[in-house]
Amino acid sequence: MTNINDPWRDDEVTRTLNDLPPVDPPSTLVNDVMSTIASRSAARATHSSFVPTKRGGNMAKKVLWIVAATAALALIAMRLVGYPPVEKGTEATIGAAQRYQSPQISSADVKTQDAQLQAFLQSDVFRQLTTDKTARQALKNQDFQKALQDPAVRAALASSDVRFVIGNLRVADAAALAKSDVKSLAKSDVRFQAALDASPSLKAAFESSPALRAALASQDVIAAMNSKALDAVLSKADVAMLVSSDVVLRAVLSAPDAALDAATAAGSAAGGVKRDAVGVVAK
Amino acid sequence: MDDTEDAALIARCLGGHQDAYEAIVTRYQRGLFTVALRMLGNYEDARDATQNAFVKAYEHLNTFDPNQRFFSWLFRILKNECLNVLRARRPSQEVSLDMPSVRAADPVEVRERQKAIQTALMSLSTEYREVVVLRHYTDLSYDDIAVALGIPATKVKSRLYTARQQLGELLMDWRVAR
């Protein structure tokens with residue numbers, strides 16, 4: 001054992017570390033970065049008409065809603081007016097068809113949520129989630145689980161800026177946030193105030209969800225904001241809502257590490273849900 | 001180029017002038033890549049982490065607080081990229097320490113020595129490795145390192161002290177083994 005207080009050792013260590021020469025970055029790095037940025041910007045511009053803007057404008061969605069509403073109104077009007085008229089001789093046929101179909105399909109039997117769940121449990125996003133240790137570690141956190149059940153939190157976390165700010169919170173800020181209220185931390189920390197100013201939805205989520213603040217005491221949760229698997233989940237509020245459900249959480253957290261086993265678990269979990277849905281319909 | 005020039009370039013980027021970011025990348029690529037390389041010990045991983053960090057920084061430039069140093073902010077993004085790479089590595093995965101810094105033209109002894117130093121760095125825990133890397137391979141002061149890591153300057157010094165002790169032990173073992 002050497003004497004750790006021996007002063008020459010520090011000098012020796014410094015000299016040794018200086019033996020590692022400066023390294024030139026790859027000559028293509030600047031070009032690679034700039035071309036990636038350019039291609040991403042171009043992709044974003046191409047899809048801009050379909051992506052909600054900061055002001056919430058989304059023409060494609062608006063048009064879709066208008067068309068759907070018009071179609072619904074037209075159907076209702078046709079029903080009330082009695083158009084198209086039923087010709088003589090066809091009543092019996094229509095009556096028989098209605099009598100035959102009615103017991104099979106009813107609005108109560110259509111399990112949209114179950115169908116979404118099945119689709120999600122068999123999706124690549126779910127498979128990635130089950131094999132991403134960082135994401136799974138975060139989802140084990142009960143505060144984070146609770147926070148995800150809050151629509152305001154899900155809406156805030158859907159923003160990549162918000163995930164970025166949380167993912168790059170300083171350890172001290174995150175710990176202070178978990179302990180104190182948002183306003184007092186913002187007063188004492190200029191950087192944190194700037195982050196809040198840049199993300200009003202983050203501010204709203206922090207203020208409305210004590211669970212989210214408590215979850216930030218865990219470095220796992222902060223690290224998970226940089227996880228690609230969780231990114232894919234949180235970026236879509238409907239998927240995030242599914243992940244906050246007990247069924248999906250159980251499936252994610254109980255899945256083995258190996259991708260193959262995870263896929264099997266997803267399949268069997270989806271099968272279970274399907275059987276339940278079939279059971280309801282059969283009754 | 002100083003912090004004021006950084007601020008001007010960032011303001012131009014935020015104003016939609018993508019070309020201004022090229023100057024920022026050019027300025028910081030060496031420092032950031034060196035940190036990534038020493039943190040990851042692998043040339044390809046370091047290149048990917050550096051590139052991802054620059055791209056992410058650009059995409060989230062609106063969240064940058066001009067009151068802090070740009071490199072400190074960049075470093076925090078890079079650190080998360082490095083942690084992602086390290087987490088993705090399997091515990092038993094061998095990391096190739098062959099990199100351009102260990103030039104074939106160097107004498108064998110020099111190459112072995114450089115490899116031993118990088119191996120010793122990789123043996124440190126992430127929190128110790130990052131303080132050593134920031135202190136020895138960037139021009140950040142203790143205060144800047146403290147801001148970048150989000151810990152008090154006193155803690156930076158104590159971590160650095162412990163890290164250097166551990167490095168000393170590791171390198172001593174290597175010398176004795178030879």
# chains A, B, ... in the order shown; residues from 1 in each chain; ligands from 1
>>> interface_residues(of="chain A", to="chain B", cutoff="7 Å", atoms="only C-alpha atoms", output="VMD selection string")
chain A and resid 4 9 to 10 13 17 19 to 21 23 to 25 29 to 30 33 to 34 37 161 168 170 to 172 191 194 to 195 198
>>> residues_around(residues="Leu202 of chain A", least_positions_apart="5", cutoff="12 Å", atoms="only C-alpha atoms", output="list in words")
Ala152, Val153, Arg154, Ala155, Ala156, Leu157, Ala158, Ser159, Ser160, Asp161, Val162, Arg163, Phe164, Val165, Ile166, Val182, Phe192, Gln193, Ala194, Ala195, Leu196, Asp197, Glu207, Ser208, Ser209, Leu212 and Arg213 of chain A; Thr63 of chain B
>>> select_by_dssp(residues="segment 69-255 of chain A", states="helix (DSSP H, G or I)", output="PyMOL selection string")
chain A and resi 69-81+91-101+107-109+112-121+124-131+133-140+142-148+151-157+160-167+171-179+182-188+190-198+200-208+210-215+219-224+228-234+237-243+246-254
>>> atom_distance(atom1="atom CA of Gln128 of chain A", atom2="atom CA of Ala255 of chain A")
11.2 Å
